[in-house]
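S.K.: Quick one: structure below, then a few questions.
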Amino acid sequence: MAIVCRPARMDDLKRADEIVVASINDFTEGHGFGKMAASRPPNLQAFSLTDDPDGLWVADDEGEIVGFAWSWICDELWFLAQLFVAPDRQSGGIGNQLISKTFAHADKRGASIKALITFAFNNVSQGLYIRHGLFPRFPIYMVSAPRERLAPSSAEPRLRLESLAAMTADFGELACVDLSALGVSRQKHHQYLLGDSTTNGFTIHAGSECVGYVYISDGHIGPLAVRRPDLVGSALAAALSFAARSECPTISAFVPGASEPALRVATEHGMRLTFPMLLMSNRQFGDWVSYLPRNPGFM
Ligand SMILES: CC(C)(COP(=O)(O)OP(=O)(O)OC[C@H]1O[C@@H](n2cnc3c(N)ncnc32)[C@H](O)[C@@H]1OP(=O)(O)O)[C@@H](O)C(=O)NCCC(=O)NCCS
């Protein structure tokens with residue numbers, strides 16, 4: 001019987017995550033980067049499924065899940081958070097079938113910007129996306145350093161962090177920052193992050209002015225957004241200074257190649273490039289000097 005692409009259900013998400021992890025590790029090990037992914041509870045997937053069920057699809061082969069696609073939409077922006085096919089089922093047209101389903105999600109909702117983050121060294125995924133009208137824009141580097149080796153800032157951070165909590169957060173302020181950095185509001189994603197007990201959220205302040213926000217989770221910095229490009233270096237320095245005071249063994253971030261000040265600050269702190277990825281989109285959008293994504297799925 002032919003493979004059927006059908007809407008994902010809540011009870012598919014655990015198996016879908018297993019396929020994603022197996023597919024990532026098969027691919028990254030094959031390219032000499034070792035295993036990059038580990039299974040985690042699919043909380044953001046479950047949040048997205050409840051928020052907008054049209055964005056999650058599985059490829060089902062007589063009850064066996066062999067592929068998974070997940071997209072989310074904020075205003076004009078459709079973002080492909082995951083597209084993965086089981087390693088032993090790749091190059092058989094399943095990716096193409098899933099991408100058609102998830103593109104229908106963008107069309108149905110009239111989202112005019114389509115974007116995703118993929119591996120910078122995957123010819124298959126890039127070829128597939130180019131054929132579907134999404135083109136490479138710039139690299140995004142995973143950067144990291146052991147906490148004890150993180151070089152201290154040469155100057156005191158100019159900006160300070162203030163803790164954000166779901167109950168007291170000014171979502172209007174956060175939406176303004178996102179509108180300046182990305183051109184869309186991500187209020188639902190702030191609600192998700194602020195409800196996640198493993199993540200700490202902060203607003204970033206210059207004197208009395210709120211100039212941005214950052215989330216830090218288990219030593220990983222991101223998303224980080226600021227209102228103006230000239231603030232991003234100091235904002236990352238402030239976040240690194242906070243993370244350096246934690247007990248986490250490794251400090252990491254996800255820095256766009258387009259953000260020269262952020263890359264400079266990461267490098268000055270002794271962070272190494274660990275993993276190159278690539279932003280692809282159907283057109284230019286956002287100010288990627290001022291925005292550091294969280295990971296390839298959340299953006
Ligand atoms: C990327 C992935 C989802 C694609 O799914 P798939 O089922 O293997 O892909 P399909 O067989 O449907 O199509 C692959 C397309 O890539 C194209 N392609 C393959 N190699 C290519 C190359 N070197 N250059 C350009 N295009 C290429 C093929 O032409 C093919 O399309 P066509 O056969 O219709 O011409 C899957 O291979 C995968 O999970 N890879 C590992 C993880 C990954 O990188 N996922 C993407 C994360 S964003």
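Residue numbering restarts at 1 in every chain; chains get A, B, ... in the order shown in the structure tokens, and ligands count up from 1 in that same order.
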Quick one: which chain A residues come within 9 Å of ligand 1, and what is the nearest atom pair for each with the distance in Å to one decimal, counting only C-alpha atoms and all ligand atoms, rows ordered by chain and ascending number, as a Markdown table?

M.R.:
```
| residue | atom | partner | partner_atom_place_in_ligand_line | distance |
| --- | --- | --- | --- | --- |
| A:Ile19 | CA | ligand 1 | 39 (O) | 8.8 |
| A:Val20 | CA | ligand 1 | 39 (O) | 7.6 |
| A:Ser23 | CA | ligand 1 | 41 (C) | 5.3 |
| A:Ile24 | CA | ligand 1 | 42 (C) | 5.3 |
| A:Asn25 | CA | ligand 1 | 42 (C) | 8.6 |
| A:Asp26 | CA | ligand 1 | 41 (C) | 7.7 |
| A:Phe27 | CA | ligand 1 | 41 (C) | 5.6 |
| A:Thr28 | CA | ligand 1 | 42 (C) | 8.6 |
| A:Gly67 | CA | ligand 1 | 39 (O) | 7.6 |
| A:Phe68 | CA | ligand 1 | 3 (C) | 8.5 |
| A:Ala69 | CA | ligand 1 | 3 (C) | 8.5 |
| A:Leu80 | CA | ligand 1 | 48 (S) | 7.5 |
| A:Ala81 | CA | ligand 1 | 48 (S) | 7.3 |
| A:Gln82 | CA | ligand 1 | 48 (S) | 5.7 |
| A:Leu83 | CA | ligand 1 | 3 (C) | 5.0 |
| A:Phe84 | CA | ligand 1 | 39 (O) | 3.6 |
| A:Val85 | CA | ligand 1 | 39 (O) | 3.9 |
| A:Ala86 | CA | ligand 1 | 39 (O) | 6.3 |
| A:Pro87 | CA | ligand 1 | 39 (O) | 6.7 |
| A:Arg89 | CA | ligand 1 | 7 (O) | 6.7 |
| A:Gln90 | CA | ligand 1 | 8 (O) | 3.5 |
| A:Ser91 | CA | ligand 1 | 11 (O) | 3.2 |
| A:Gly92 | CA | ligand 1 | 11 (O) | 4.1 |
| A:Gly93 | CA | ligand 1 | 12 (O) | 3.1 |
| A:Ile94 | CA | ligand 1 | 7 (O) | 3.9 |
| A:Gly95 | CA | ligand 1 | 5 (O) | 3.3 |
| A:Asn96 | CA | ligand 1 | 12 (O) | 3.7 |
| A:Gln97 | CA | ligand 1 | 12 (O) | 6.4 |
| A:Leu98 | CA | ligand 1 | 12 (O) | 8.0 |
| A:Ile99 | CA | ligand 1 | 12 (O) | 8.3 |
| A:Leu116 | CA | ligand 1 | 48 (S) | 6.8 |
| A:Ile117 | CA | ligand 1 | 48 (S) | 6.0 |
| A:Thr118 | CA | ligand 1 | 48 (S) | 4.0 |
| A:Phe119 | CA | ligand 1 | 44 (O) | 6.0 |
| A:Phe121 | CA | ligand 1 | 44 (O) | 8.7 |
| A:Asn122 | CA | ligand 1 | 44 (O) | 5.8 |
| A:Asn123 | CA | ligand 1 | 23 (N) | 4.7 |
| A:Val124 | CA | ligand 1 | 20 (N) | 3.9 |
| A:Ser125 | CA | ligand 1 | 1 (C) | 4.0 |
| A:Gln126 | CA | ligand 1 | 25 (C) | 6.8 |
| A:Gly127 | CA | ligand 1 | 26 (N) | 3.4 |
| A:Leu128 | CA | ligand 1 | 16 (O) | 4.3 |
| A:Tyr129 | CA | ligand 1 | 16 (O) | 8.0 |
| A:Ile130 | CA | ligand 1 | 26 (N) | 8.0 |
| A:Arg131 | CA | ligand 1 | 26 (N) | 7.7 |
| A:Pro296 | CA | ligand 1 | 48 (S) | 7.8 |
| A:Gly297 | CA | ligand 1 | 48 (S) | 8.7 |
```

S.K.: Distance table requested - range 82-185 of chain A against range 199-220 of chain A, cut-off 9 Å, only C-alpha atoms: one row per qualifying residue with the closest atom pair and its distance in Å to one decimal, ordered by chain and rising residue number, as a tab-separated table.

M.R.:
```
residue	atom	partner	partner_atom	distance
A:Ser144	CA	A:His220	CA	8.7
A:Arg147	CA	A:Gly219	CA	8.5
A:Arg158	CA	A:Ala206	CA	7.2
A:Leu159	CA	A:Ala206	CA	5.2
A:Arg160	CA	A:His205	CA	5.3
A:Leu161	CA	A:Ile204	CA	4.7
A:Glu162	CA	A:Phe202	CA	5.1
A:Ser163	CA	A:Phe202	CA	4.4
A:Leu164	CA	A:Phe202	CA	4.8
A:Ala165	CA	A:Gly201	CA	7.1
A:Glu173	CA	A:Cys210	CA	7.9
A:Leu174	CA	A:Tyr213	CA	7.2
A:Val177	CA	A:Gly212	CA	5.9
A:Asp178	CA	A:Gly212	CA	8.6
```

S.K.: Set the distance at 9 Å and use only C-alpha atoms: which residues neighbour Val58 in chain A once local chain neighbours fewer than 5 positions away are removed? I'd like the list as number ranges by chain.

M.R.: A: 4-9, 12, 16, 65-70, 98

S.K.: Could you take the residues named above and write them with N, CA and C atoms, as a PDB file, in the first residue's frame?

M.R.:
```pdb
ATOM      1  N   VAL A   4       0.906   7.136   3.101  1.00  0.00           N
ATOM      2  CA  VAL A   4      -0.108   8.179   3.209  1.00  0.00           C
ATOM      3  C   VAL A   4       0.432   9.299   4.095  1.00  0.00           C
ATOM      4  N   CYS A   5       0.355  10.538   3.620  1.00  0.00           N
ATOM      5  CA  CYS A   5       0.698  11.672   4.490  1.00  0.00           C
ATOM      6  C   CYS A   5      -0.598  12.147   5.123  1.00  0.00           C
ATOM      7  N   ARG A   6      -0.665  12.048   6.434  1.00  0.00           N
ATOM      8  CA  ARG A   6      -1.899  12.414   7.147  1.00  0.00           C
ATOM      9  C   ARG A   6      -1.571  13.382   8.287  1.00  0.00           C
ATOM     10  N   PRO A   7      -2.590  14.143   8.757  1.00  0.00           N
ATOM     11  CA  PRO A   7      -2.339  15.060   9.877  1.00  0.00           C
ATOM     12  C   PRO A   7      -1.830  14.284  11.090  1.00  0.00           C
ATOM     13  N   ALA A   8      -0.870  14.872  11.806  1.00  0.00           N
ATOM     14  CA  ALA A   8      -0.324  14.218  13.000  1.00  0.00           C
ATOM     15  C   ALA A   8      -1.326  14.310  14.148  1.00  0.00           C
ATOM     16  N   ARG A   9      -1.287  13.282  15.002  1.00  0.00           N
ATOM     17  CA  ARG A   9      -2.096  13.295  16.227  1.00  0.00           C
ATOM     18  C   ARG A   9      -1.148  13.392  17.417  1.00  0.00           C
ATOM     19  N   ASP A  12       1.152  10.584  18.056  1.00  0.00           N
ATOM     20  CA  ASP A  12       2.220  10.316  17.067  1.00  0.00           C
ATOM     21  C   ASP A  12       3.531  11.020  17.460  1.00  0.00           C
ATOM     22  N   ALA A  16       7.355  10.301  16.243  1.00  0.00           N
ATOM     23  CA  ALA A  16       7.889  11.255  15.257  1.00  0.00           C
ATOM     24  C   ALA A  16       9.224  11.806  15.756  1.00  0.00           C
ATOM     25  N   ILE A  65       5.221   5.051  11.275  1.00  0.00           N
ATOM     26  CA  ILE A  65       5.560   6.433  10.894  1.00  0.00           C
ATOM     27  C   ILE A  65       6.969   6.443  10.301  1.00  0.00           C
ATOM     28  N   VAL A  66       7.092   6.951   9.076  1.00  0.00           N
ATOM     29  CA  VAL A  66       8.396   6.937   8.389  1.00  0.00           C
ATOM     30  C   VAL A  66       8.880   8.353   8.042  1.00  0.00           C
ATOM     31  N   GLY A  67       8.090   9.377   8.384  1.00  0.00           N
ATOM     32  CA  GLY A  67       8.519  10.748   8.126  1.00  0.00           C
ATOM     33  C   GLY A  67       7.641  11.717   8.902  1.00  0.00           C
ATOM     34  N   PHE A  68       8.164  12.933   9.110  1.00  0.00           N
ATOM     35  CA  PHE A  68       7.445  13.914   9.928  1.00  0.00           C
ATOM     36  C   PHE A  68       7.737  15.318   9.418  1.00  0.00           C
ATOM     37  N   ALA A  69       6.718  16.145   9.302  1.00  0.00           N
ATOM     38  CA  ALA A  69       6.900  17.560   8.936  1.00  0.00           C
ATOM     39  C   ALA A  69       6.108  18.409   9.911  1.00  0.00           C
ATOM     40  N   TRP A  70       6.715  19.545  10.309  1.00  0.00           N
ATOM     41  CA  TRP A  70       6.074  20.419  11.303  1.00  0.00           C
ATOM     42  C   TRP A  70       6.397  21.867  10.956  1.00  0.00           C
ATOM     43  N   LEU A  98       5.722  15.227   1.908  1.00  0.00           N
ATOM     44  CA  LEU A  98       5.476  15.950   3.168  1.00  0.00           C
ATOM     45  C   LEU A  98       5.568  17.454   2.960  1.00  0.00           C
TER      46      LEU A  98
END
```

S.K.: Find the residues near Met280 in chain A: any atom within 7 Å, counting only C-alpha atoms, skip ones fewer than 5 places away on the same chain, and give them as a ChimeraX atom specification.

M.R.: /A:115-117,134-137

S.K.: Would you put the residues from that selection into a file with N, CA and C atoms, as an mmCIF file, in the first residue's frame?

M.R.:
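Output contents, as saved in part38.cif:
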```cif
data_model
loop_
_atom_site.group_PDB
_atom_site.id
_atom_site.type_symbol
_atom_site.label_atom_id
_atom_site.label_comp_id
_atom_site.auth_asym_id
_atom_site.auth_seq_id
_atom_site.Cartn_x
_atom_site.Cartn_y
_atom_site.Cartn_z
ATOM 1 N N ALA A 115 10.273 30.251 5.509
ATOM 2 C CA ALA A 115 11.676 30.166 5.937
ATOM 3 C C ALA A 115 11.924 28.885 6.716
ATOM 4 N N LEU A 116 13.196 28.538 6.844
ATOM 5 C CA LEU A 116 13.607 27.360 7.622
ATOM 6 C C LEU A 116 15.103 27.456 7.878
ATOM 7 N N ILE A 117 15.575 26.613 8.790
ATOM 8 C CA ILE A 117 17.016 26.500 9.050
ATOM 9 C C ILE A 117 17.392 25.041 8.833
ATOM 10 N N LEU A 134 12.774 28.155 -1.955
ATOM 11 C CA LEU A 134 13.446 28.738 -0.778
ATOM 12 C C LEU A 134 14.950 28.730 -1.039
ATOM 13 N N PHE A 135 15.575 29.909 -0.895
ATOM 14 C CA PHE A 135 16.981 30.057 -1.291
ATOM 15 C C PHE A 135 17.865 30.348 -0.077
ATOM 16 N N PRO A 136 19.170 29.968 -0.173
ATOM 17 C CA PRO A 136 20.069 30.198 0.957
ATOM 18 C C PRO A 136 20.314 31.683 1.190
ATOM 19 N N ARG A 137 20.300 32.116 2.451
ATOM 20 C CA ARG A 137 20.521 33.530 2.796
ATOM 21 C C ARG A 137 21.846 33.735 3.523
#
```

S.K.: I need the residue nearest Trp72 in chain A from this list: A:Arg283, A:Arg227, A:His132, A:Arg109. Use only C-alpha atoms for the distance.

M.R.: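 Selected residue with least distance to Trp72 in chain A: A:Arg109.
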
S.K.: Return the single residue from A:Ile73, A:Ala2, A:Ala145, A:Val289 that is closest to Arg228 in chain A, with distances computed using only C-alpha atoms.

M.R.: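 Among the listed residues, the smallest separation from Arg228 in chain A belongs to A:Val289.
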
S.K.: Report the distance between CA of Pro249 in chain A and CA of Leu231 in chain A in Å, rounded to one decimal place.

M.R.: 27.2 Å
